[in-house]
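J.: Hey, dropping data-v2.csv in here, CSV, C-alpha atoms:
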```csv
chain,number,residue,atom,x,y,z
A,1,MET,CA,32.9,-6.8,-50.9
A,2,ASN,CA,30.8,-9.8,-50.1
A,3,ARG,CA,32.2,-9.8,-46.6
A,4,ALA,CA,31.5,-6.1,-46.0
A,5,LEU,CA,27.9,-6.7,-47.1
A,6,SER,CA,27.4,-9.6,-44.6
A,7,ILE,CA,28.9,-7.6,-41.8
A,8,LEU,CA,26.5,-4.7,-42.6
A,9,THR,CA,23.5,-7.1,-42.7
A,10,CYS,CA,24.5,-8.5,-39.3
A,11,ALA,CA,24.7,-5.1,-37.8
A,12,CYS,CA,21.3,-4.1,-39.2
A,13,LEU,CA,19.8,-7.3,-37.9
A,14,VAL,CA,21.2,-6.7,-34.4
A,15,VAL,CA,19.8,-3.2,-34.4
A,16,LEU,CA,16.4,-4.6,-35.6
A,17,ILE,CA,16.3,-7.2,-32.9
A,18,ALA,CA,17.1,-4.6,-30.2
A,19,VAL,CA,14.3,-2.4,-31.5
A,20,LEU,CA,11.8,-5.2,-31.7
A,21,GLN,CA,12.7,-6.3,-28.1
A,22,ARG,CA,11.2,-3.0,-26.9
A,23,PHE,CA,7.8,-4.1,-28.1
A,24,VAL,CA,7.8,-7.3,-26.1
A,25,VAL,CA,5.2,-7.1,-23.3
A,26,GLY,CA,6.5,-8.5,-20.0
A,27,LYS,CA,4.6,-11.4,-18.5
A,28,GLU,CA,3.5,-9.2,-15.5
A,29,ASP,CA,2.2,-6.4,-17.8
A,30,MET,CA,0.3,-8.7,-20.2
A,31,VAL,CA,-3.0,-8.4,-18.3
A,32,ASP,CA,-2.6,-4.8,-17.1
A,33,PRO,CA,-5.6,-2.6,-17.6
A,34,ILE,CA,-5.8,-0.9,-20.9
A,35,THR,CA,-5.1,2.8,-20.2
A,36,THR,CA,-6.3,5.9,-22.0
A,37,ALA,CA,-4.3,9.0,-20.9
A,38,GLY,CA,-5.5,12.6,-21.0
A,39,ASP,CA,-5.7,15.7,-19.0
A,40,THR,CA,-8.3,18.0,-17.4
A,41,ASP,CA,-9.0,20.0,-20.6
A,42,ALA,CA,-11.2,17.3,-22.2
A,43,ALA,CA,-13.1,14.2,-21.5
A,44,VAL,CA,-11.0,11.0,-21.5
A,45,THR,CA,-12.8,8.2,-23.2
A,46,THR,CA,-12.2,4.5,-22.7
A,47,ASP,CA,-14.0,1.5,-24.0
A,48,ASP,CA,-16.4,1.4,-21.0
A,49,PHE,CA,-16.7,5.0,-19.7
A,50,THR,CA,-15.8,8.6,-20.1
A,51,VAL,CA,-14.4,10.8,-17.3
A,52,ARG,CA,-14.1,14.6,-17.5
A,53,VAL,CA,-12.3,16.3,-14.5
A,54,THR,CA,-13.9,19.7,-13.9
A,55,GLU,CA,-12.1,20.9,-10.8
A,56,VAL,CA,-9.7,19.9,-8.0
A,57,ASP,CA,-10.1,21.1,-4.4
A,58,LEU,CA,-7.3,20.8,-1.8
A,59,ALA,CA,-8.1,21.4,1.9
A,60,THR,CA,-6.8,20.3,5.3
A,61,SER,CA,-10.3,19.3,6.5
A,62,LEU,CA,-13.4,18.0,4.8
A,63,GLU,CA,-17.1,18.6,5.6
A,64,ALA,CA,-19.1,15.6,4.6
A,65,PRO,CA,-22.8,14.8,5.0
A,66,GLY,CA,-23.5,12.8,8.1
A,67,ASP,CA,-25.1,9.4,8.3
A,68,ALA,CA,-28.8,9.6,9.0
A,69,ASP,CA,-29.5,12.9,10.8
A,70,GLY,CA,-28.9,15.1,7.7
A,71,GLY,CA,-26.2,17.1,9.4
A,72,THR,CA,-22.6,17.3,8.4
A,73,HIS,CA,-19.4,16.2,10.1
A,74,THR,CA,-15.9,17.6,9.6
A,75,VAL,CA,-12.9,15.2,9.3
A,76,GLU,CA,-9.4,16.5,9.6
A,77,ALA,CA,-6.8,15.2,7.1
A,78,ASN,CA,-3.5,13.7,8.1
A,79,GLY,CA,-2.1,16.0,5.4
A,80,ALA,CA,-4.6,17.2,2.8
A,81,TRP,CA,-7.9,16.1,1.3
A,82,VAL,CA,-7.8,16.1,-2.5
A,83,LEU,CA,-11.3,16.3,-4.0
A,84,VAL,CA,-11.3,15.5,-7.7
A,85,TRP,CA,-14.6,16.7,-9.2
A,86,ALA,CA,-15.6,14.9,-12.3
A,87,ASP,CA,-18.4,13.8,-14.7
A,88,VAL,CA,-18.4,10.1,-15.2
A,89,THR,CA,-20.5,8.4,-17.9
A,90,ALA,CA,-20.7,4.7,-18.5
A,91,THR,CA,-20.8,4.0,-22.2
A,92,ARG,CA,-22.4,0.6,-22.8
A,93,GLU,CA,-23.0,-1.3,-19.6
A,94,THR,CA,-23.8,-0.5,-16.0
A,95,ILE,CA,-20.6,0.0,-14.0
A,96,GLU,CA,-20.8,-1.1,-10.4
A,97,ASN,CA,-17.2,-1.0,-9.3
A,98,LEU,CA,-15.0,1.9,-10.5
A,99,PRO,CA,-12.0,2.0,-8.1
A,100,SER,CA,-9.9,5.1,-8.3
A,101,GLU,CA,-6.5,6.1,-7.2
A,102,LEU,CA,-4.2,9.1,-7.2
A,103,ARG,CA,-0.7,8.5,-8.6
A,104,MET,CA,2.1,10.9,-7.8
A,105,ARG,CA,5.0,11.4,-10.0
A,106,ASP,CA,7.4,9.6,-7.6
A,107,GLY,CA,5.3,6.5,-7.9
A,108,SER,CA,3.4,6.6,-4.6
A,109,VAL,CA,-0.2,5.7,-4.9
A,110,TYR,CA,-3.2,6.6,-2.8
A,111,VAL,CA,-6.7,5.0,-2.8
A,112,GLU,CA,-9.9,6.4,-1.4
A,113,ARG,CA,-10.4,6.0,2.3
A,114,GLY,CA,-13.8,4.7,1.7
A,115,TRP,CA,-15.3,6.7,4.6
A,116,PHE,CA,-17.7,8.8,2.5
A,117,ARG,CA,-20.8,7.3,0.9
A,118,ASP,CA,-21.2,10.3,-1.3
A,119,SER,CA,-17.9,10.0,-3.1
A,120,LEU,CA,-17.9,8.9,-6.7
A,121,ASP,CA,-16.2,5.7,-5.7
A,122,HIS,CA,-19.5,4.4,-4.2
A,123,GLN,CA,-21.8,5.2,-7.1
A,124,THR,CA,-23.3,3.0,-9.8
A,125,PHE,CA,-23.1,4.3,-13.3
A,126,SER,CA,-25.8,3.6,-15.8
A,127,PRO,CA,-25.0,3.8,-19.5
A,128,GLY,CA,-25.5,7.3,-21.0
A,129,LEU,CA,-26.3,9.0,-17.6
A,130,PRO,CA,-23.5,11.4,-16.5
A,131,VAL,CA,-22.9,11.4,-12.8
A,132,HIS,CA,-21.2,14.5,-11.3
A,133,GLY,CA,-19.3,14.1,-8.0
A,134,ALA,CA,-15.9,13.9,-6.3
A,135,PHE,CA,-13.3,11.3,-5.8
A,136,VAL,CA,-11.9,11.9,-2.3
A,137,PHE,CA,-8.3,11.2,-1.5
A,138,GLU,CA,-6.2,11.8,1.5
A,139,VAL,CA,-2.5,12.4,0.9
A,140,PRO,CA,0.5,13.8,2.8
A,141,THR,CA,1.0,17.4,1.8
A,142,ASP,CA,4.7,17.1,0.9
A,143,ARG,CA,3.9,14.2,-1.5
A,144,ILE,CA,1.5,16.1,-3.8
A,145,GLU,CA,3.6,16.2,-6.9
A,146,LYS,CA,2.0,16.1,-10.4
A,147,PRO,CA,-0.8,13.8,-9.3
A,148,ALA,CA,-2.8,11.9,-11.9
A,149,LEU,CA,-6.3,10.4,-11.3
A,150,VAL,CA,-6.5,6.8,-12.4
A,151,VAL,CA,-9.9,5.2,-12.7
A,152,THR,CA,-10.4,1.6,-13.6
A,153,HIS,CA,-13.5,-0.4,-14.5
A,154,ALA,CA,-12.9,-3.5,-12.4
A,155,PHE,CA,-15.7,-5.8,-13.7
A,156,GLY,CA,-16.4,-8.4,-11.1
A,157,TYR,CA,-13.8,-6.8,-8.9
A,158,ASP,CA,-11.1,-7.8,-11.3
A,159,SER,CA,-9.2,-5.0,-13.1
A,160,ARG,CA,-7.2,-7.3,-15.4
A,161,LEU,CA,-7.5,-5.9,-19.0
A,162,GLY,CA,-10.1,-3.5,-17.7
A,163,ALA,CA,-10.8,-0.1,-19.2
A,164,GLN,CA,-8.7,2.5,-17.4
A,165,ALA,CA,-8.5,6.3,-17.7
A,166,LYS,CA,-5.5,8.3,-16.5
A,167,VAL,CA,-6.1,12.0,-16.1
A,168,ASP,CA,-3.2,14.3,-15.4
A,169,LEU,CA,-4.5,16.8,-13.0
A,170,GLY,CA,-1.9,19.5,-13.9
A,171,LEU,CA,-1.3,20.6,-10.3
A,172,GLU,CA,2.2,22.1,-10.1
A,173,ASN,CA,2.6,23.5,-6.5
A,174,PRO,CA,-0.7,23.1,-4.9
A,175,GLU,CA,-1.3,24.5,-1.4
A,176,PRO,CA,-4.2,23.1,0.6
A,177,THR,CA,-6.6,25.7,2.1
A,178,ASP,CA,-7.5,25.7,5.8
A,179,ARG,CA,-11.1,26.3,4.8
A,180,PRO,CA,-12.9,22.9,4.9
A,181,ALA,CA,-13.7,21.5,1.5
A,182,THR,CA,-17.3,20.4,1.1
A,183,LEU,CA,-18.3,17.1,-0.2
A,184,LEU,CA,-21.6,17.2,-1.9
A,185,PRO,CA,-23.4,14.0,-2.8
A,186,ALA,CA,-22.9,12.7,-6.3
A,187,GLU,CA,-25.8,13.5,-8.6
A,188,LEU,CA,-27.1,12.7,-12.0
A,189,ARG,CA,-26.5,15.4,-14.6
A,190,ALA,CA,-29.1,15.9,-17.3
A,191,ASP,CA,-27.6,16.5,-20.7
A,192,GLY,CA,-26.3,20.1,-21.2
A,193,ALA,CA,-26.4,21.0,-17.5
A,194,GLU,CA,-22.8,20.4,-17.0
A,195,THR,CA,-21.8,23.8,-18.5
A,196,GLY,CA,-23.5,25.6,-15.7
A,197,GLU,CA,-22.2,27.1,-12.5
A,198,ASP,CA,-20.0,25.2,-10.2
A,199,ASP,CA,-22.4,24.6,-7.4
A,200,HIS,CA,-19.8,23.2,-5.1
A,201,ALA,CA,-17.3,26.1,-5.6
A,202,SER,CA,-19.4,28.5,-3.6
A,203,THR,CA,-18.8,26.8,-0.3
B,1,MET,CA,46.5,-21.2,-38.2
B,2,VAL,CA,45.1,-22.6,-35.0
B,3,HIS,CA,47.4,-23.1,-32.1
B,4,HIS,CA,46.4,-26.2,-30.1
B,5,VAL,CA,46.9,-26.0,-26.3
B,6,LEU,CA,48.9,-28.9,-25.0
B,7,ALA,CA,47.3,-31.1,-22.4
B,8,THR,CA,50.2,-30.5,-20.0
B,9,ASP,CA,49.6,-26.7,-20.2
B,10,ALA,CA,46.1,-27.1,-18.9
B,11,PRO,CA,45.7,-25.8,-15.3
B,12,VAL,CA,44.9,-28.6,-12.9
B,13,GLY,CA,43.1,-26.5,-10.3
B,14,PRO,CA,43.7,-23.5,-8.2
B,15,PRO,CA,47.3,-22.8,-7.0
B,16,PRO,CA,49.4,-23.9,-5.2
B,17,ARG,CA,50.4,-26.7,-7.6
B,18,ASN,CA,52.6,-28.6,-5.1
B,19,PRO,CA,50.4,-31.3,-3.4
B,20,LEU,CA,52.2,-30.9,-0.1
B,21,ALA,CA,51.6,-27.1,-0.1
B,22,ARG,CA,47.9,-27.8,-0.9
B,23,LEU,CA,47.6,-30.2,2.0
B,24,ALA,CA,49.2,-27.6,4.3
B,25,LEU,CA,46.8,-24.9,3.1
B,26,VAL,CA,43.7,-27.1,3.6
B,27,SER,CA,44.8,-28.2,7.0
B,28,LEU,CA,45.5,-24.6,8.0
B,29,ALA,CA,42.0,-23.4,6.8
B,30,GLY,CA,40.4,-26.3,8.7
B,31,ALA,CA,42.3,-25.5,11.9
B,32,VAL,CA,41.4,-21.8,11.7
B,33,GLY,CA,37.7,-22.7,11.1
B,34,SER,CA,37.7,-25.1,14.1
B,35,VAL,CA,39.3,-22.5,16.4
B,36,GLY,CA,36.7,-19.9,15.3
B,37,LEU,CA,33.8,-22.3,15.9
B,38,LEU,CA,35.2,-23.2,19.3
B,39,GLY,CA,35.5,-19.5,20.2
B,40,VAL,CA,31.8,-19.0,19.3
B,41,ALA,CA,30.8,-22.0,21.4
B,42,VAL,CA,32.9,-20.8,24.4
B,43,PHE,CA,31.4,-17.4,24.3
B,44,GLY,CA,27.8,-18.6,24.5
B,45,GLY,CA,27.1,-19.8,21.0
B,46,LEU,CA,24.9,-18.1,18.4
B,47,GLU,CA,21.7,-16.4,19.4
B,48,ARG,CA,18.5,-17.8,18.1
B,49,ALA,CA,17.2,-15.9,15.1
B,50,ASP,CA,13.9,-15.1,16.6
B,51,ALA,CA,15.0,-14.3,20.1
B,52,VAL,CA,13.8,-11.0,21.4
B,53,SER,CA,15.5,-10.9,24.8
B,54,GLU,CA,13.0,-8.7,26.6
B,55,PRO,CA,9.9,-6.9,25.4
B,56,SER,CA,10.4,-3.2,25.4
B,57,ALA,CA,8.3,-0.7,27.4
B,58,ALA,CA,5.1,0.8,26.1
B,59,GLY,CA,5.7,3.6,23.6
B,60,THR,CA,8.7,2.0,22.0
B,61,GLU,CA,8.7,1.9,18.2
B,62,VAL,CA,8.9,-1.6,16.6
B,63,GLU,CA,9.5,-1.9,12.9
B,64,ASN,CA,9.4,-4.7,10.3
B,65,SER,CA,10.0,-4.2,6.6
B,66,LEU,CA,6.4,-3.0,6.1
B,67,ILE,CA,5.2,-1.1,9.1
B,68,ARG,CA,6.3,0.9,12.1
B,69,ILE,CA,4.2,0.7,15.2
B,70,SER,CA,4.5,2.2,18.7
B,71,PRO,CA,1.8,0.8,21.0
B,72,HIS,CA,1.2,3.1,24.0
B,73,GLU,CA,-2.1,2.3,25.7
B,74,ALA,CA,-4.3,-0.8,26.2
B,75,ARG,CA,-7.7,-1.4,27.6
B,76,VAL,CA,-10.7,-3.7,27.5
B,77,VAL,CA,-13.8,-2.1,26.0
B,78,THR,CA,-17.2,-3.6,26.3
B,79,GLY,CA,-19.3,-2.8,23.3
B,80,GLU,CA,-22.1,-4.3,21.2
B,81,LEU,CA,-19.8,-6.9,19.9
B,82,GLY,CA,-18.8,-8.1,23.4
B,83,ASP,CA,-15.4,-7.5,25.0
B,84,GLN,CA,-12.7,-6.2,22.8
B,85,LEU,CA,-9.0,-5.5,23.5
B,86,GLN,CA,-8.2,-2.0,22.4
B,87,LEU,CA,-4.7,-0.8,21.7
B,88,ARG,CA,-3.8,2.8,21.0
B,89,ALA,CA,-0.7,3.1,18.8
B,90,ASP,CA,1.1,5.3,16.3
B,91,ILE,CA,1.4,3.4,13.1
B,92,GLU,CA,3.0,4.0,9.7
B,93,MET,CA,3.4,1.9,6.6
B,94,HIS,CA,6.8,2.5,5.1
B,95,GLY,CA,7.5,-0.6,3.0
B,96,SER,CA,5.3,0.0,0.0
B,97,GLU,CA,4.6,2.8,-2.4
B,98,ARG,CA,1.1,1.4,-2.9
B,99,PRO,CA,-1.6,1.1,-0.2
B,100,VAL,CA,-1.7,-2.2,1.6
B,101,SER,CA,-4.9,-3.6,3.1
B,102,VAL,CA,-5.1,-3.4,6.9
B,103,PHE,CA,-5.6,-7.2,6.9
B,104,ASP,CA,-2.2,-7.7,5.3
B,105,ALA,CA,-0.4,-4.8,7.0
B,106,VAL,CA,-1.3,-5.7,10.5
B,107,LYS,CA,-1.3,-9.5,10.1
B,108,ALA,CA,2.2,-9.6,11.5
B,109,VAL,CA,1.1,-8.0,14.7
B,110,VAL,CA,0.1,-10.6,17.3
B,111,VAL,CA,-1.1,-9.8,20.8
B,112,ASN,CA,-0.3,-12.1,23.7
B,113,ILE,CA,-2.5,-11.8,26.7
B,114,GLU,CA,-0.6,-12.1,29.9
B,115,PRO,CA,-0.8,-13.9,32.2
B,116,ALA,CA,-3.5,-16.0,30.5
B,117,GLY,CA,-1.0,-16.8,27.7
B,118,LYS,CA,-3.6,-16.6,24.9
B,119,ARG,CA,-2.9,-15.0,21.5
B,120,THR,CA,-5.1,-13.0,19.2
B,121,GLU,CA,-4.7,-11.7,15.7
B,122,HIS,CA,-6.5,-9.9,12.8
B,123,PRO,CA,-7.7,-6.7,14.4
B,124,THR,CA,-9.8,-3.9,13.0
B,125,VAL,CA,-8.3,-0.4,12.8
B,126,LEU,CA,-9.9,3.0,13.3
B,127,PHE,CA,-8.3,6.4,13.5
B,128,GLN,CA,-9.1,8.7,16.4
B,129,ARG,CA,-9.9,11.6,14.0
B,130,MET,CA,-12.6,9.5,12.2
B,131,PRO,CA,-14.1,7.1,14.7
B,132,ASP,CA,-17.0,6.2,12.4
B,133,GLY,CA,-14.8,4.9,9.6
B,134,ILE,CA,-13.1,1.5,9.4
B,135,VAL,CA,-9.7,1.9,7.9
B,136,SER,CA,-9.4,-0.5,5.0
B,137,HIS,CA,-5.9,0.4,3.8
B,138,LEU,CA,-2.7,1.8,5.2
B,139,GLN,CA,-1.4,4.4,2.7
B,140,PRO,CA,2.3,5.2,2.1
B,141,HIS,CA,4.2,7.8,4.0
B,142,MET,CA,1.3,8.7,6.3
B,143,PRO,CA,2.3,8.3,9.9
B,144,GLU,CA,-0.9,8.1,11.9
B,145,LYS,CA,-1.1,9.3,15.5
B,146,ASP,CA,-3.6,7.5,17.7
B,147,ALA,CA,-4.8,4.6,15.6
B,148,ILE,CA,-7.2,2.4,17.6
B,149,ILE,CA,-6.5,-1.2,17.0
B,150,SER,CA,-9.2,-3.7,18.3
B,151,TRP,CA,-9.1,-7.4,18.7
B,152,ASP,CA,-11.9,-9.7,19.9
B,153,LEU,CA,-11.2,-11.1,23.3
B,154,PRO,CA,-10.5,-14.8,22.9
B,155,ASP,CA,-12.9,-17.2,24.5
B,156,GLY,CA,-12.3,-18.1,28.1
B,157,VAL,CA,-10.3,-15.0,29.0
B,158,ASP,CA,-11.7,-13.1,32.0
B,159,PRO,CA,-11.0,-9.4,31.3
B,160,ASP,CA,-10.3,-8.8,35.0
B,161,THR,CA,-7.4,-11.2,35.1
B,162,ILE,CA,-5.5,-9.5,32.3
B,163,GLU,CA,-2.4,-7.6,33.4
B,164,ASP,CA,-0.3,-7.0,30.3
B,165,LEU,CA,-0.6,-7.2,26.5
B,166,VAL,CA,2.7,-8.3,24.9
B,167,VAL,CA,2.4,-6.9,21.3
B,168,THR,CA,4.8,-8.9,19.1
B,169,VAL,CA,5.6,-7.8,15.6
B,170,HIS,CA,6.9,-10.4,13.1
B,171,GLU,CA,8.9,-9.9,10.0
B,172,VAL,CA,7.1,-9.9,6.7
B,173,GLU,CA,8.2,-10.7,3.2
B,174,ARG,CA,7.0,-9.1,-0.1
B,175,LEU,CA,5.7,-11.6,-2.7
B,176,GLU,CA,4.5,-10.5,-6.1
B,177,ALA,CA,1.6,-12.7,-7.3
B,178,ARG,CA,1.7,-13.7,-11.0
B,179,GLY,CA,-0.6,-12.3,-13.7
B,180,GLY,CA,-1.6,-9.1,-12.1
B,181,GLY,CA,-2.7,-10.7,-8.9
B,182,GLY,CA,-1.2,-8.0,-6.7
B,183,VAL,CA,1.3,-8.2,-3.8
B,184,LEU,CA,1.2,-10.5,-0.8
B,185,TRP,CA,2.8,-9.8,2.5
B,186,PRO,CA,3.2,-13.2,4.3
B,187,SER,CA,4.6,-12.9,7.9
B,188,ASP,CA,7.1,-15.4,9.2
B,189,LYS,CA,8.1,-16.6,12.6
B,190,LYS,CA,11.0,-14.3,13.0
B,191,LEU,CA,10.3,-11.5,15.5
B,192,ALA,CA,11.0,-7.9,14.6
B,193,GLY,CA,10.3,-6.8,18.2
B,194,ALA,CA,7.9,-6.9,21.1
B,195,VAL,CA,6.4,-4.3,23.4
B,196,THR,CA,4.7,-4.8,26.8
B,197,VAL,CA,1.7,-2.6,27.3
B,198,PRO,CA,0.0,-2.7,30.8
B,199,LEU,CA,-3.7,-2.9,30.7
B,200,GLU,CA,-5.6,0.1,32.0
B,201,GLY,CA,-8.7,-0.5,34.1
B,202,SER,CA,-10.6,2.6,33.2
B,203,GLY,CA,-12.0,1.5,29.9
B,204,ARG,CA,-15.2,-0.1,31.2
```
Please lay out the structure from this file as structure tokens.

T.:
Amino acid sequence: MNRALSILTCACLVVLIAVLQRFVVGKEDMVDPITTAGDTDAAVTTDDFTVRVTEVDLATSLEAPGDADGGTHTVEANGAWVLVWADVTATRETIENLPSELRMRDGSVYVERGWFRDSLDHQTFSPGLPVHGAFVFEVPTDRIEKPALVVTHAFGYDSRLGAQAKVDLGLENPEPTDRPATLLPAELRADGAETGEDDHAST
Amino acid sequence: MVHHVLATDAPVGPPPRNPLARLALVSLAGAVGSVGLLGVAVFGGLERADAVSEPSAAGTEVENSLIRISPHEARVVTGELGDQLQLRADIEMHGSERPVSVFDAVKAVVVNIEPAGKRTEHPTVLFQRMPDGIVSHLQPHMPEKDAIISWDLPDGVDPDTIEDLVVTVHEVERLEARGGGGVLWPSDKKLAGAVTVPLEGSGR
């Protein structure tokens, strides 16, 4: 009887150890950014900022404002341009560096090209002031599979333990259009104005 | 009850047990090894690890564990920054699922200027379809036609004397930095391949 009891206790302890092992954070992951996950239905709120994805455009070329002359130039994609339109609001301090990436389900990751001054990547976010604009990615068309937008507050260019939002874009089988997508400059949104018309969708 | 193994039962090493048989086996192995070595030596010895017998012709694809590159056109361009060597190449990063900075990705590509014998490294990269934008990262699974790779011309090289660029691509190794420090791609001395691109005179 006593023996059966100790065997049972041992078995329970082994199971308990196995379960507890799952909670051990690996050395490499210990300083990973702290991620809040969500989807396009609602705002995703992290410690440092909120991001609400409003729309996603896919196109094979992109019309972006030019440098100084006020004109526009069109840039062909090696694949497709993915414009993720979003409202981003800093919560408590000014955010200078908010790198973004697009993560596919197969694990491949794309960062912004950095060619467009008007993308959200290049903006500064002051606390409480929502900025509306687009994150601009270039991806191979056959790799667009359940992409998620991942935005990280990298304070001092260091993303360790930084606030991070992961927004599932909910794209199942997206087809890029041949009509150029238009990148409009990021702009401040006054409170309440964000329910209005999609001014970029008309192009 | 516990059964004690007797000392004489313990194995004394791999078979065969007979000392003479062992001696014969060792001698035979040694003889076979020597004949093998002799054979390698007679047929010209081992090739050096980094030996690339002859650089390939322009347009040939060279690949290390991170990138594929096929250089097809070279010229000297005089711009605001002085003389620059400009190489047109198709380039693809295949060794990482995450973007790799151009600095890291193209570090292993070294250009030798012939016949001056000078080398130059650390180029900037542009794409033909976006000539205004410096490329900061190579992204996974995106083969790019007509990338424009530019190096500063080293001091003391007269552009008119250049005949060929020998583009060498070294092997790289993937190293993960500790504590979320990212991934490093140090290049080593081992050559993955080399391509000779004749210089075109029409660039200036």

J.: I'd like to know which of A:Gly128, A:Gly114, A:Gly79, A:Gly66 is closest to A:Pro176, using only C-alpha atoms.

T.: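 Once distances to A:Pro176 are computed over only C-alpha atoms, the minimum belongs to A:Gly79.
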
J.: Considering all atoms listed in the file, extract the chain A residues located within 7 Å of chain B and return them as a ChimeraX atom specification.

T.: /A:28,31-32,75-76,107-111,113,115,140,160

J.: Given the choices B:Glu200, B:Pro71, B:Gly44, B:Gly33, which gets closest to B:Ala57 if the distance is worked out from all atoms listed in the file?

T.: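 The answer is B:Pro71, which sits nearest to B:Ala57.
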
J.: What's the separation between atom CA of B:Ser70 and atom CA of B:Val106, in Å to one decimal place?

T.: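 The value is 12.8 Å.
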
J.: Could you check how far atom CA of B:Gly82 sits from atom CA of B:Thr124, in Å to one decimal?

T.: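 Distance reported for this atom pair: 14.4 Å.
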
J.: Looking at A:Thr89, A:Thr40, A:Ser6, A:Ser61, which one is nearest to A:Ala190, with distances taken over all atoms listed in the file?

T.: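 Closest to A:Ala190, using all atoms listed in the file: A:Thr89.
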
J.: For B:Arg68, which of B:Leu175, B:Leu37, B:Leu85, B:Val169 is the closest residue, counting all atoms listed in the file?

T.: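 Among the listed residues, the smallest separation from B:Arg68 belongs to B:Val169.
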
J.: Determine, counting only C-alpha atoms, every residue of protein, DNA or RNA that lies within 12 Å of (-8.8, 7.9, -20.7) in the file coordinates, then give the result as a VMD selection string.

T.: chain A and resid 33 to 40 42 to 53 88 148 to 153 162 to 168

J.: Any chance you could export the current selection's C-alpha atoms as a PDB file, in the frame of the given file?

T.:
```pdb
ATOM      1  CA  PRO A  33      -5.600  -2.600 -17.600  1.00  0.00           C
ATOM      2  CA  ILE A  34      -5.800  -0.900 -20.900  1.00  0.00           C
ATOM      3  CA  THR A  35      -5.100   2.800 -20.200  1.00  0.00           C
ATOM      4  CA  THR A  36      -6.300   5.900 -22.000  1.00  0.00           C
ATOM      5  CA  ALA A  37      -4.300   9.000 -20.900  1.00  0.00           C
ATOM      6  CA  GLY A  38      -5.500  12.600 -21.000  1.00  0.00           C
ATOM      7  CA  ASP A  39      -5.700  15.700 -19.000  1.00  0.00           C
ATOM      8  CA  THR A  40      -8.300  18.000 -17.400  1.00  0.00           C
ATOM      9  CA  ALA A  42     -11.200  17.300 -22.200  1.00  0.00           C
ATOM     10  CA  ALA A  43     -13.100  14.200 -21.500  1.00  0.00           C
ATOM     11  CA  VAL A  44     -11.000  11.000 -21.500  1.00  0.00           C
ATOM     12  CA  THR A  45     -12.800   8.200 -23.200  1.00  0.00           C
ATOM     13  CA  THR A  46     -12.200   4.500 -22.700  1.00  0.00           C
ATOM     14  CA  ASP A  47     -14.000   1.500 -24.000  1.00  0.00           C
ATOM     15  CA  ASP A  48     -16.400   1.400 -21.000  1.00  0.00           C
ATOM     16  CA  PHE A  49     -16.700   5.000 -19.700  1.00  0.00           C
ATOM     17  CA  THR A  50     -15.800   8.600 -20.100  1.00  0.00           C
ATOM     18  CA  VAL A  51     -14.400  10.800 -17.300  1.00  0.00           C
ATOM     19  CA  ARG A  52     -14.100  14.600 -17.500  1.00  0.00           C
ATOM     20  CA  VAL A  53     -12.300  16.300 -14.500  1.00  0.00           C
ATOM     21  CA  VAL A  88     -18.400  10.100 -15.200  1.00  0.00           C
ATOM     22  CA  ALA A 148      -2.800  11.900 -11.900  1.00  0.00           C
ATOM     23  CA  LEU A 149      -6.300  10.400 -11.300  1.00  0.00           C
ATOM     24  CA  VAL A 150      -6.500   6.800 -12.400  1.00  0.00           C
ATOM     25  CA  VAL A 151      -9.900   5.200 -12.700  1.00  0.00           C
ATOM     26  CA  THR A 152     -10.400   1.600 -13.600  1.00  0.00           C
ATOM     27  CA  HIS A 153     -13.500  -0.400 -14.500  1.00  0.00           C
ATOM     28  CA  GLY A 162     -10.100  -3.500 -17.700  1.00  0.00           C
ATOM     29  CA  ALA A 163     -10.800  -0.100 -19.200  1.00  0.00           C
ATOM     30  CA  GLN A 164      -8.700   2.500 -17.400  1.00  0.00           C
ATOM     31  CA  ALA A 165      -8.500   6.300 -17.700  1.00  0.00           C
ATOM     32  CA  LYS A 166      -5.500   8.300 -16.500  1.00  0.00           C
ATOM     33  CA  VAL A 167      -6.100  12.000 -16.100  1.00  0.00           C
ATOM     34  CA  ASP A 168      -3.200  14.300 -15.400  1.00  0.00           C
TER      35      ASP A 168
END
```
